[in-house]
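Below is the file run.cif, which contains mmCIF, C-alpha atoms and all ligand atoms.
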data_model
loop_
_atom_site.label_atom_id
_atom_site.label_comp_id
_atom_site.auth_asym_id
_atom_site.auth_seq_id
_atom_site.Cartn_x
_atom_site.Cartn_y
_atom_site.Cartn_z
CA MET A 7 0.00 0.00 0.00
CA LEU A 8 1.18 3.51 -0.87
CA ASN A 9 0.85 6.30 1.69
CA VAL A 10 1.61 9.87 0.74
CA GLU A 11 1.32 12.13 3.76
CA GLY A 12 1.32 15.92 3.71
CA ILE A 13 3.87 16.45 0.96
CA ASP A 14 5.01 19.83 -0.39
CA LEU A 15 6.90 20.18 -3.66
CA TYR A 16 8.52 23.30 -5.10
CA TYR A 17 9.97 24.35 -8.44
CA GLY A 18 12.35 27.08 -7.29
CA ALA A 19 10.21 29.44 -5.23
CA ALA A 20 6.92 28.27 -6.80
CA ILE A 21 4.94 25.72 -4.81
CA ALA A 22 3.39 22.96 -6.94
CA LEU A 23 2.08 20.62 -4.20
CA LYS A 24 0.67 21.82 -0.87
CA THR A 25 0.26 19.26 1.94
CA VAL A 26 -0.95 16.56 -0.46
CA SER A 27 -2.00 13.24 1.08
CA ILE A 28 -3.23 10.19 -0.82
CA GLU A 29 -3.27 6.45 -0.32
CA ALA A 30 -3.41 3.66 -2.91
CA ARG A 31 -4.22 0.02 -2.14
CA PRO A 32 -3.15 -3.13 -3.97
CA GLY A 33 -5.70 -4.44 -6.47
CA GLN A 34 -7.32 -1.02 -6.70
CA VAL A 35 -7.19 1.87 -9.15
CA THR A 36 -6.69 5.22 -7.44
CA CYS A 37 -7.47 8.07 -9.85
CA ILE A 38 -5.93 11.51 -9.63
CA LEU A 39 -8.09 13.96 -11.54
CA GLY A 40 -7.58 17.61 -12.36
CA ARG A 41 -7.09 20.17 -15.10
CA ASN A 42 -3.78 20.92 -16.81
CA GLY A 43 -1.15 22.34 -14.51
CA VAL A 44 -2.76 21.55 -11.14
CA GLY A 45 0.11 19.31 -10.00
CA LYS A 46 -0.80 15.75 -11.05
CA THR A 47 2.49 15.05 -12.81
CA SER A 48 4.38 16.70 -9.94
CA LEU A 49 2.72 14.23 -7.57
CA MET A 50 3.86 11.32 -9.77
CA ARG A 51 7.41 12.77 -9.87
CA ALA A 52 7.41 13.07 -6.08
CA ILE A 53 6.38 9.43 -5.69
CA CYS A 54 8.87 7.95 -8.15
CA GLY A 55 11.64 10.25 -6.95
CA ARG A 56 12.16 12.39 -10.02
CA HIS A 57 11.71 15.55 -7.95
CA PRO A 58 12.47 16.06 -4.23
CA ILE A 59 9.77 16.91 -1.71
CA ALA A 60 10.18 19.74 0.77
CA ALA A 61 7.90 18.29 3.46
CA GLY A 62 5.88 15.17 4.24
CA GLU A 63 6.39 11.43 3.84
CA ILE A 64 5.97 8.81 1.14
CA ARG A 65 5.83 5.15 2.19
CA LEU A 66 5.29 1.88 0.34
CA ASP A 67 4.11 -0.98 2.57
CA GLY A 68 5.32 1.04 5.53
CA ALA A 69 8.88 1.56 4.26
CA PRO A 70 9.89 5.18 3.57
CA LEU A 71 10.55 6.04 -0.09
CA HIS A 72 11.24 9.77 0.28
CA GLY A 73 14.96 10.35 0.41
CA LEU A 74 15.65 7.41 -1.92
CA ARG A 75 16.88 7.93 -5.47
CA PRO A 76 14.55 6.90 -8.33
CA GLU A 77 16.56 3.70 -9.03
CA ALA A 78 16.30 2.64 -5.39
CA ARG A 79 12.54 3.27 -5.44
CA ALA A 80 12.27 1.17 -8.61
CA ARG A 81 14.05 -1.67 -6.80
CA LYS A 82 11.56 -1.32 -3.95
CA GLY A 83 8.66 -1.86 -6.36
CA VAL A 84 7.76 1.53 -7.85
CA ALA A 85 7.17 1.47 -11.61
CA SER A 86 5.96 4.38 -13.66
CA VAL A 87 4.56 4.86 -17.13
CA PRO A 88 5.26 8.52 -17.81
CA GLN A 89 3.17 10.90 -19.85
CA GLY A 90 3.94 10.28 -23.52
CA ARG A 91 4.78 6.59 -22.82
CA GLU A 92 8.46 6.94 -23.86
CA ILE A 93 8.44 3.96 -26.20
CA PHE A 94 11.60 3.78 -28.32
CA PRO A 95 10.22 3.79 -31.87
CA LEU A 96 13.24 2.19 -33.56
CA LEU A 97 13.72 -0.57 -31.00
CA THR A 98 11.67 -3.75 -31.27
CA VAL A 99 8.88 -4.59 -28.85
CA ARG A 100 11.21 -7.15 -27.19
CA GLU A 101 13.98 -4.56 -26.83
CA ASN A 102 11.53 -2.04 -25.40
CA LEU A 103 10.40 -4.62 -22.83
CA GLU A 104 14.02 -5.41 -21.97
CA ILE A 105 14.60 -1.75 -21.05
CA GLY A 106 12.52 -2.68 -17.98
CA PHE A 107 15.38 -4.95 -16.82
CA ALA A 108 17.41 -1.95 -15.61
CA PRO A 109 16.56 -2.15 -11.87
CA LEU A 110 16.60 -5.97 -11.78
CA PRO A 111 19.44 -8.25 -10.63
CA ARG A 112 20.91 -10.24 -13.53
CA LYS A 113 19.21 -13.54 -12.65
CA GLU A 114 15.77 -11.91 -12.72
CA ARG A 115 16.24 -10.41 -16.17
CA THR A 116 13.49 -12.31 -17.95
CA ILE A 117 10.18 -11.16 -19.36
CA PRO A 118 7.50 -12.90 -17.26
CA ASP A 119 5.10 -14.96 -19.42
CA GLU A 120 2.28 -13.37 -17.50
CA ILE A 121 2.88 -10.15 -19.42
CA PHE A 122 2.15 -11.90 -22.72
CA GLU A 123 -0.88 -13.58 -21.18
CA MET A 124 -2.14 -10.14 -20.14
CA PHE A 125 -1.28 -8.46 -23.45
CA PRO A 126 -1.18 -11.15 -26.19
CA VAL A 127 -0.60 -8.53 -28.88
CA LEU A 128 2.89 -7.92 -27.47
CA ARG A 129 3.85 -11.54 -28.11
CA GLN A 130 2.55 -11.34 -31.66
CA MET A 131 4.55 -8.18 -32.25
CA LEU A 132 7.79 -9.01 -30.41
CA GLY A 133 9.98 -8.45 -33.47
CA ARG A 134 8.18 -5.33 -34.71
CA ARG A 135 9.43 -1.83 -34.03
CA GLY A 136 7.81 0.11 -31.19
CA GLY A 137 7.01 2.91 -33.62
CA ASP A 138 4.90 0.52 -35.77
CA LEU A 139 2.41 -0.09 -32.94
CA SER A 140 -0.87 1.81 -32.58
CA GLY A 141 -1.27 4.25 -29.69
CA GLY A 142 -3.23 1.71 -27.65
CA GLN A 143 -0.68 -1.04 -28.33
CA GLN A 144 2.16 1.31 -27.32
CA GLN A 145 0.38 1.95 -24.05
CA GLN A 146 0.15 -1.81 -23.48
CA LEU A 147 3.86 -2.03 -24.25
CA ALA A 148 4.64 0.77 -21.78
CA ILE A 149 2.57 -0.98 -19.09
CA GLY A 150 4.18 -4.33 -19.99
CA ARG A 151 7.64 -2.79 -19.65
CA ALA A 152 6.70 -1.41 -16.22
CA LEU A 153 5.47 -4.88 -15.18
CA VAL A 154 8.81 -6.46 -16.16
CA THR A 155 10.16 -5.02 -12.88
CA ARG A 156 7.46 -6.94 -10.88
CA PRO A 157 6.24 -3.72 -9.22
CA ARG A 158 4.01 -3.29 -6.19
CA LEU A 159 3.02 0.20 -7.30
CA LEU A 160 2.25 1.24 -10.88
CA LEU A 161 2.01 4.94 -11.69
CA LEU A 162 0.18 5.72 -14.95
CA ASP A 163 0.34 9.34 -16.06
CA GLU A 164 -2.48 10.14 -18.49
CA PRO A 165 -2.59 6.91 -20.51
CA THR A 166 -5.30 8.34 -22.77
CA GLU A 167 -3.15 11.31 -23.77
CA GLY A 168 -3.13 11.55 -27.55
CA ILE A 169 -6.37 9.59 -27.85
CA GLN A 170 -8.53 11.69 -30.06
CA PRO A 171 -12.23 12.09 -29.44
CA SER A 172 -14.11 10.30 -32.22
CA ILE A 173 -15.30 13.59 -33.64
CA ILE A 174 -11.72 14.63 -34.35
CA LYS A 175 -11.08 11.21 -35.84
CA ASP A 176 -14.13 11.62 -38.09
CA ILE A 177 -12.93 15.03 -39.19
CA GLY A 178 -9.50 13.55 -39.88
CA ARG A 179 -11.08 10.79 -41.96
CA ALA A 180 -13.19 13.26 -43.91
CA ILE A 181 -10.17 15.43 -44.65
CA GLY A 182 -8.19 12.34 -45.66
CA ARG A 183 -10.94 11.34 -48.05
CA LEU A 184 -11.10 14.83 -49.54
CA ARG A 185 -7.37 14.71 -50.11
CA GLY A 186 -7.80 11.31 -51.70
CA LYS A 187 -5.47 9.74 -49.13
CA ALA A 188 -5.85 6.96 -46.64
CA PRO A 189 -7.28 8.15 -43.32
CA THR A 190 -4.67 9.47 -40.91
CA SER A 191 -3.74 6.79 -38.41
CA GLY A 192 -4.02 8.68 -35.13
CA PRO A 193 -5.06 6.92 -31.92
CA THR A 194 -8.74 6.04 -31.80
CA ALA A 195 -11.53 5.61 -29.28
CA GLU A 196 -11.12 1.82 -29.60
CA GLU A 197 -7.59 2.36 -28.33
CA ALA A 198 -8.95 4.11 -25.26
CA GLU A 199 -10.93 0.90 -24.76
CA GLU A 200 -7.74 -1.17 -25.14
CA ILE A 201 -6.03 0.97 -22.52
CA ARG A 202 -8.98 0.62 -20.16
CA HIS A 203 -8.77 -3.15 -20.63
CA ALA A 204 -5.03 -3.11 -19.94
CA VAL A 205 -5.51 -1.25 -16.64
CA GLU A 206 -8.36 -3.62 -15.66
CA THR A 207 -6.08 -6.57 -16.35
CA VAL A 208 -3.40 -5.21 -14.02
CA ARG A 209 -6.01 -4.51 -11.35
CA GLN A 210 -7.23 -8.11 -11.56
CA LYS A 211 -3.74 -9.32 -10.71
CA GLY A 212 -4.69 -8.02 -7.29
CA ASP A 213 -1.22 -7.39 -5.87
CA ILE A 214 -0.36 -4.08 -7.53
CA ALA A 215 -1.57 -0.65 -6.40
CA ILE A 216 -2.37 1.43 -9.48
CA VAL A 217 -2.31 5.22 -9.43
CA LEU A 218 -3.91 6.63 -12.56
CA VAL A 219 -3.63 10.30 -13.50
CA GLU A 220 -6.46 11.38 -15.80
CA GLN A 221 -8.09 14.44 -17.24
CA TYR A 222 -10.99 12.60 -18.86
CA PHE A 223 -13.78 12.06 -16.41
CA ASP A 224 -15.50 9.16 -18.18
CA PHE A 225 -12.32 7.11 -18.42
CA ALA A 226 -11.54 7.68 -14.75
CA ARG A 227 -15.09 6.95 -13.58
CA ASP A 228 -15.12 3.56 -15.27
CA LEU A 229 -11.91 2.50 -13.56
CA ALA A 230 -11.67 4.28 -10.21
CA ASP A 231 -11.97 2.45 -6.91
CA THR A 232 -11.07 5.71 -5.19
CA PHE A 233 -10.41 9.18 -6.56
CA TYR A 234 -8.80 12.48 -5.66
CA VAL A 235 -9.38 15.76 -7.48
CA MET A 236 -6.56 18.29 -7.46
CA ASP A 237 -6.70 22.03 -7.95
CA ARG A 238 -3.75 24.43 -7.69
CA GLY A 239 -1.51 21.96 -5.97
CA GLU A 240 -4.05 20.72 -3.43
CA ILE A 241 -6.49 17.84 -3.05
CA VAL A 242 -9.92 19.51 -3.16
CA ILE A 243 -12.30 16.52 -3.44
CA GLN A 244 -11.82 12.85 -2.63
CA GLY A 245 -14.10 9.84 -2.49
CA THR A 246 -14.88 6.33 -3.70
CA GLY A 247 -15.38 5.23 -7.30
CA ALA A 248 -19.03 4.51 -6.49
CA GLU A 249 -19.51 8.14 -5.46
CA LEU A 250 -18.32 9.25 -8.91
CA LYS A 251 -21.46 7.60 -10.31
CA ASP A 252 -23.68 9.84 -8.16
CA PRO A 253 -24.94 12.71 -10.38
CA ALA A 254 -24.44 15.48 -7.79
CA ARG A 255 -20.91 14.27 -7.02
CA GLU A 256 -20.20 13.90 -10.75
CA ALA A 257 -21.28 17.52 -11.38
CA ASP A 258 -19.02 18.64 -8.54
CA VAL A 259 -16.01 16.84 -9.98
CA ARG A 260 -16.70 17.82 -13.59
CA ARG A 261 -16.81 21.49 -12.55
CA ARG A 262 -13.25 21.13 -11.30
CA LEU A 263 -12.14 19.60 -14.59
CA THR A 264 -13.46 22.31 -16.88
CA VAL A 265 -11.53 25.55 -17.24
N1 LIG B 1 10.04 21.59 -14.23
C1 LIG B 1 9.22 22.58 -13.82
N2 LIG B 1 9.73 23.80 -13.49
C2 LIG B 1 8.93 24.79 -13.06
N3 LIG B 1 7.59 24.70 -12.95
C3 LIG B 1 7.03 23.52 -13.27
C4 LIG B 1 7.81 22.41 -13.73
N4 LIG B 1 6.96 21.37 -13.98
C5 LIG B 1 5.73 21.82 -13.69
N5 LIG B 1 5.75 23.09 -13.27
C6 LIG B 1 4.61 23.90 -12.82
O1 LIG B 1 4.03 23.25 -11.70
C7 LIG B 1 2.61 23.28 -11.76
C8 LIG B 1 2.07 21.86 -11.77
O2 LIG B 1 2.46 21.18 -12.97
P1 LIG B 1 2.16 19.65 -13.26
O3 LIG B 1 2.85 19.29 -14.53
O4 LIG B 1 2.45 18.87 -12.05
O5 LIG B 1 0.61 19.69 -13.50
P2 LIG B 1 -0.36 18.61 -14.18
O6 LIG B 1 -1.61 18.68 -13.39
O7 LIG B 1 0.34 17.32 -14.27
O8 LIG B 1 -0.59 19.20 -15.61
P3 LIG B 1 -0.54 18.41 -17.04
O9 LIG B 1 -1.80 17.67 -17.10
O10 LIG B 1 -0.44 19.54 -18.00
O11 LIG B 1 0.69 17.56 -17.00
C9 LIG B 1 2.28 24.06 -13.03
O12 LIG B 1 2.03 25.39 -12.66
C10 LIG B 1 3.52 23.96 -13.86
O13 LIG B 1 3.66 25.08 -14.69
#
This structure in structure tokens:
Amino acid sequence: MLNVEGIDLYYGAAIALKTVSIEARPGQVTCILGRNGVGKTSLMRAICGRHPIAAGEIRLDGAPLHGLRPEARARKGVASVPQGREIFPLLTVRENLEIGFAPLPRKERTIPDEIFEMFPVLRQMLGRRGGDLSGGQQQQLAIGRALVTRPRLLLLDEPTEGIQPSIIKDIGRAIGRLRGKAPTSGPTAEEAEEIRHAVETVRQKGDIAIVLVEQYFDFARDLADTFYVMDRGEIVIQGTGAELKDPAREADVRRRLTV
């Protein structure tokens, strides 16, 4: 279980997180919601150790993480899929997965079969280049690579980023047709569905706490066991996934997500 207690984070003199506390349990999806620039990515950086905190504590299964370097946190079970996925387009799917070996001792440097059972498409595409995969497949690859480290905590920063609403896709198709070209191959709504399925699959494993940063309410609502809404560096609403299905609560949260 992850416990973040009263953390502050600064960029120079500017405060980006103010006494933020969250917890995330194994086998559950904990969603962090909020508009652009409210501090969601900063919270992920604080947890995985990419940026120091100025106050507070971060613990995984009771053991302190704050103060440890990112590599040491990775060895303790923290895995993150950063915004933008960071798939290497010219490396093969297998090579991309093997990047996940970095924090592992030599004898554990194998790709667990379980990853291919969870994401069969990765097995089919092992020899293909990362850049040849669709957006949804790349997200599965990024999650698969994170799972190579056998984490206890998985941080997912905006997995739907780059997924275009179907209306944009339709416009793209129409423009493509007008130009007499094949439709542009941007990420699609079906890929959002693939990503949702990938997160569900990890949840069902039951032993990994998943923290999911999202801007899209519908995606978060379908997956959240618990949620936190951030605004200007603070947690302003928190509750259970079931509460997100309550219309009054939903309106409350949606208000915080629109500019
Ligand atoms: N490296 C940095 N240096 C200075 N300020 C930063 C840095 N990174 C983020 N910030 C600022 O900190 C605040 C929080 O940013 P953060 O990226 O955590 O927000 P976010 O909610 O993740 O937004 P997004 O969805 O756009 O990633 C913003 O005001 C942002 O401009």
Quiz item: Nearest to Arg255 in chain A among A:Gly239, A:Arg129, A:Arg227, A:Glu114, with distances taken over all atoms listed in the file: which residue is it?
Solution: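 Selected residue with least distance to Arg255 in chain A: A:Arg227.
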Self-check item: Site check for ligand LIG 1 (chain B): residues at most 10 Å away, all atoms listed in the file, as number ranges by chain
Solution: A: 15-23, 38-52, 57, 89, 163-164, 167, 219-221, 236-239
Exercise. Step by step: start from the point (7.3, 16.2, 3.2) in the file's coordinates, keep every protein, DNA or RNA residue that has an atom no farther than 7 Å from it, count all atoms listed in the file, and write the set as a PyMOL selection string.
Key: chain A and resi 12-14+59-63
Exercise. Point out the residue among A:Leu132, A:Val10, A:Leu96, A:Val154 with the least atom-to-atom distance to Ala108 in chain A, counting only C-alpha atoms.
Key: A:Val154
Box for range 69-81 of chain A - axis-aligned, 6 Å on each of the six sides, all listed atoms - centre and size in Å to one decimal, as AutoDock Vina command-line options.
--center_x 12.9 --center_y 4.3 --center_z -2.4 --size_x 20.0 --size_y 24.0 --size_z 25.3
Exercise. Excluding Thr98 in chain A and any residue of its chain fewer than 5 positions from it, enumerate the residues within 9 Å of it, using only C-alpha atoms, and give them as a PyMOL selection string.
Key: chain A and resi 103+131-137
Practice problem: Choose the residue, out of A:Thr264, A:Thr246, A:Thr232, A:Gln130, that has the smallest atom-to-atom separation from Val35 in chain A; count only C-alpha atoms. | Solution: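 With only C-alpha atoms as the atom set, the closest residue is A:Thr232.
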Practice problem: Rounded to one decimal place, report the CA of Val99 in chain A-CA of Lys211 in chain A distance in Å. | Solution: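 So the two atoms, CA of Val99 in chain A and CA of Lys211 in chain A, lie 22.6 Å apart.
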Please, can range 11-41 of chain A be completed to N, CA and C atoms and returned as a PDB file, keeping the file's coordinate frame?
ATOM      1  N   GLU A  11       1.865  11.351   2.632  1.00  0.00           N
ATOM      2  CA  GLU A  11       1.320  12.130   3.760  1.00  0.00           C
ATOM      3  C   GLU A  11       1.877  13.534   3.806  1.00  0.00           C
ATOM      4  N   GLY A  12       1.011  14.495   3.523  1.00  0.00           N
ATOM      5  CA  GLY A  12       1.320  15.920   3.710  1.00  0.00           C
ATOM      6  C   GLY A  12       2.546  16.401   2.962  1.00  0.00           C
ATOM      7  N   ILE A  13       2.647  16.033   1.664  1.00  0.00           N
ATOM      8  CA  ILE A  13       3.870  16.450   0.960  1.00  0.00           C
ATOM      9  C   ILE A  13       3.736  17.834   0.313  1.00  0.00           C
ATOM     10  N   ASP A  14       4.853  18.556   0.334  1.00  0.00           N
ATOM     11  CA  ASP A  14       5.010  19.830  -0.390  1.00  0.00           C
ATOM     12  C   ASP A  14       6.074  19.615  -1.445  1.00  0.00           C
ATOM     13  N   LEU A  15       5.890  20.255  -2.602  1.00  0.00           N
ATOM     14  CA  LEU A  15       6.900  20.180  -3.660  1.00  0.00           C
ATOM     15  C   LEU A  15       7.019  21.560  -4.305  1.00  0.00           C
ATOM     16  N   TYR A  16       8.249  21.991  -4.509  1.00  0.00           N
ATOM     17  CA  TYR A  16       8.520  23.300  -5.100  1.00  0.00           C
ATOM     18  C   TYR A  16       9.300  23.181  -6.388  1.00  0.00           C
ATOM     19  N   TYR A  17       9.052  24.103  -7.321  1.00  0.00           N
ATOM     20  CA  TYR A  17       9.970  24.350  -8.440  1.00  0.00           C
ATOM     21  C   TYR A  17      10.553  25.731  -8.158  1.00  0.00           C
ATOM     22  N   GLY A  18      11.787  25.790  -7.718  1.00  0.00           N
ATOM     23  CA  GLY A  18      12.350  27.080  -7.290  1.00  0.00           C
ATOM     24  C   GLY A  18      11.514  27.615  -6.145  1.00  0.00           C
ATOM     25  N   ALA A  19      11.004  28.845  -6.313  1.00  0.00           N
ATOM     26  CA  ALA A  19      10.210  29.440  -5.230  1.00  0.00           C
ATOM     27  C   ALA A  19       8.728  29.111  -5.390  1.00  0.00           C
ATOM     28  N   ALA A  20       8.358  28.509  -6.539  1.00  0.00           N
ATOM     29  CA  ALA A  20       6.920  28.270  -6.800  1.00  0.00           C
ATOM     30  C   ALA A  20       6.489  26.933  -6.207  1.00  0.00           C
ATOM     31  N   ILE A  21       5.422  26.974  -5.425  1.00  0.00           N
ATOM     32  CA  ILE A  21       4.940  25.720  -4.810  1.00  0.00           C
ATOM     33  C   ILE A  21       3.991  25.022  -5.782  1.00  0.00           C
ATOM     34  N   ALA A  22       4.236  23.726  -6.006  1.00  0.00           N
ATOM     35  CA  ALA A  22       3.390  22.960  -6.940  1.00  0.00           C
ATOM     36  C   ALA A  22       2.509  21.958  -6.210  1.00  0.00           C
ATOM     37  N   LEU A  23       2.928  21.518  -4.997  1.00  0.00           N
ATOM     38  CA  LEU A  23       2.080  20.620  -4.200  1.00  0.00           C
ATOM     39  C   LEU A  23       2.045  21.155  -2.775  1.00  0.00           C
ATOM     40  N   LYS A  24       0.834  21.280  -2.229  1.00  0.00           N
ATOM     41  CA  LYS A  24       0.670  21.820  -0.870  1.00  0.00           C
ATOM     42  C   LYS A  24       0.009  20.786   0.017  1.00  0.00           C
ATOM     43  N   THR A  25       0.763  20.257   0.986  1.00  0.00           N
ATOM     44  CA  THR A  25       0.260  19.260   1.940  1.00  0.00           C
ATOM     45  C   THR A  25      -0.681  18.240   1.288  1.00  0.00           C
ATOM     46  N   VAL A  26      -0.149  17.568   0.259  1.00  0.00           N
ATOM     47  CA  VAL A  26      -0.950  16.560  -0.460  1.00  0.00           C
ATOM     48  C   VAL A  26      -0.826  15.206   0.233  1.00  0.00           C
ATOM     49  N   SER A  27      -1.970  14.590   0.502  1.00  0.00           N
ATOM     50  CA  SER A  27      -2.000  13.240   1.080  1.00  0.00           C
ATOM     51  C   SER A  27      -2.904  12.355   0.224  1.00  0.00           C
ATOM     52  N   ILE A  28      -2.393  11.179  -0.138  1.00  0.00           N
ATOM     53  CA  ILE A  28      -3.230  10.190  -0.820  1.00  0.00           C
ATOM     54  C   ILE A  28      -2.826   8.807  -0.318  1.00  0.00           C
ATOM     55  N   GLU A  29      -3.712   7.828  -0.494  1.00  0.00           N
ATOM     56  CA  GLU A  29      -3.270   6.450  -0.320  1.00  0.00           C
ATOM     57  C   GLU A  29      -3.771   5.613  -1.484  1.00  0.00           C
ATOM     58  N   ALA A  30      -3.045   4.528  -1.787  1.00  0.00           N
ATOM     59  CA  ALA A  30      -3.410   3.660  -2.910  1.00  0.00           C
ATOM     60  C   ALA A  30      -3.203   2.217  -2.467  1.00  0.00           C
ATOM     61  N   ARG A  31      -4.259   1.413  -2.613  1.00  0.00           N
ATOM     62  CA  ARG A  31      -4.220   0.020  -2.140  1.00  0.00           C
ATOM     63  C   ARG A  31      -3.988  -0.965  -3.269  1.00  0.00           C
ATOM     64  N   PRO A  32      -3.353  -2.095  -2.954  1.00  0.00           N
ATOM     65  CA  PRO A  32      -3.150  -3.130  -3.970  1.00  0.00           C
ATOM     66  C   PRO A  32      -4.479  -3.629  -4.533  1.00  0.00           C
ATOM     67  N   GLY A  33      -4.483  -3.929  -5.835  1.00  0.00           N
ATOM     68  CA  GLY A  33      -5.700  -4.440  -6.470  1.00  0.00           C
ATOM     69  C   GLY A  33      -6.743  -3.369  -6.713  1.00  0.00           C
ATOM     70  N   GLN A  34      -6.372  -2.110  -6.479  1.00  0.00           N
ATOM     71  CA  GLN A  34      -7.320  -1.020  -6.700  1.00  0.00           C
ATOM     72  C   GLN A  34      -6.707   0.023  -7.639  1.00  0.00           C
ATOM     73  N   VAL A  35      -7.614   0.739  -8.329  1.00  0.00           N
ATOM     74  CA  VAL A  35      -7.190   1.870  -9.150  1.00  0.00           C
ATOM     75  C   VAL A  35      -7.536   3.146  -8.393  1.00  0.00           C
ATOM     76  N   THR A  36      -6.520   3.931  -8.111  1.00  0.00           N
ATOM     77  CA  THR A  36      -6.690   5.220  -7.440  1.00  0.00           C
ATOM     78  C   THR A  36      -6.502   6.308  -8.488  1.00  0.00           C
ATOM     79  N   CYS A  37      -7.558   7.057  -8.779  1.00  0.00           N
ATOM     80  CA  CYS A  37      -7.470   8.070  -9.850  1.00  0.00           C
ATOM     81  C   CYS A  37      -7.148   9.438  -9.284  1.00  0.00           C
ATOM     82  N   ILE A  38      -6.245  10.120  -9.957  1.00  0.00           N
ATOM     83  CA  ILE A  38      -5.930  11.510  -9.630  1.00  0.00           C
ATOM     84  C   ILE A  38      -6.456  12.346 -10.786  1.00  0.00           C
ATOM     85  N   LEU A  39      -7.452  13.160 -10.493  1.00  0.00           N
ATOM     86  CA  LEU A  39      -8.090  13.960 -11.540  1.00  0.00           C
ATOM     87  C   LEU A  39      -7.735  15.428 -11.359  1.00  0.00           C
ATOM     88  N   GLY A  40      -7.831  16.169 -12.461  1.00  0.00           N
ATOM     89  CA  GLY A  40      -7.580  17.610 -12.360  1.00  0.00           C
ATOM     90  C   GLY A  40      -7.201  18.180 -13.713  1.00  0.00           C
ATOM     91  N   ARG A  41      -7.428  19.472 -13.850  1.00  0.00           N
ATOM     92  CA  ARG A  41      -7.090  20.170 -15.100  1.00  0.00           C
ATOM     93  C   ARG A  41      -5.582  20.171 -15.336  1.00  0.00           C
TER      94      ARG A  41
END
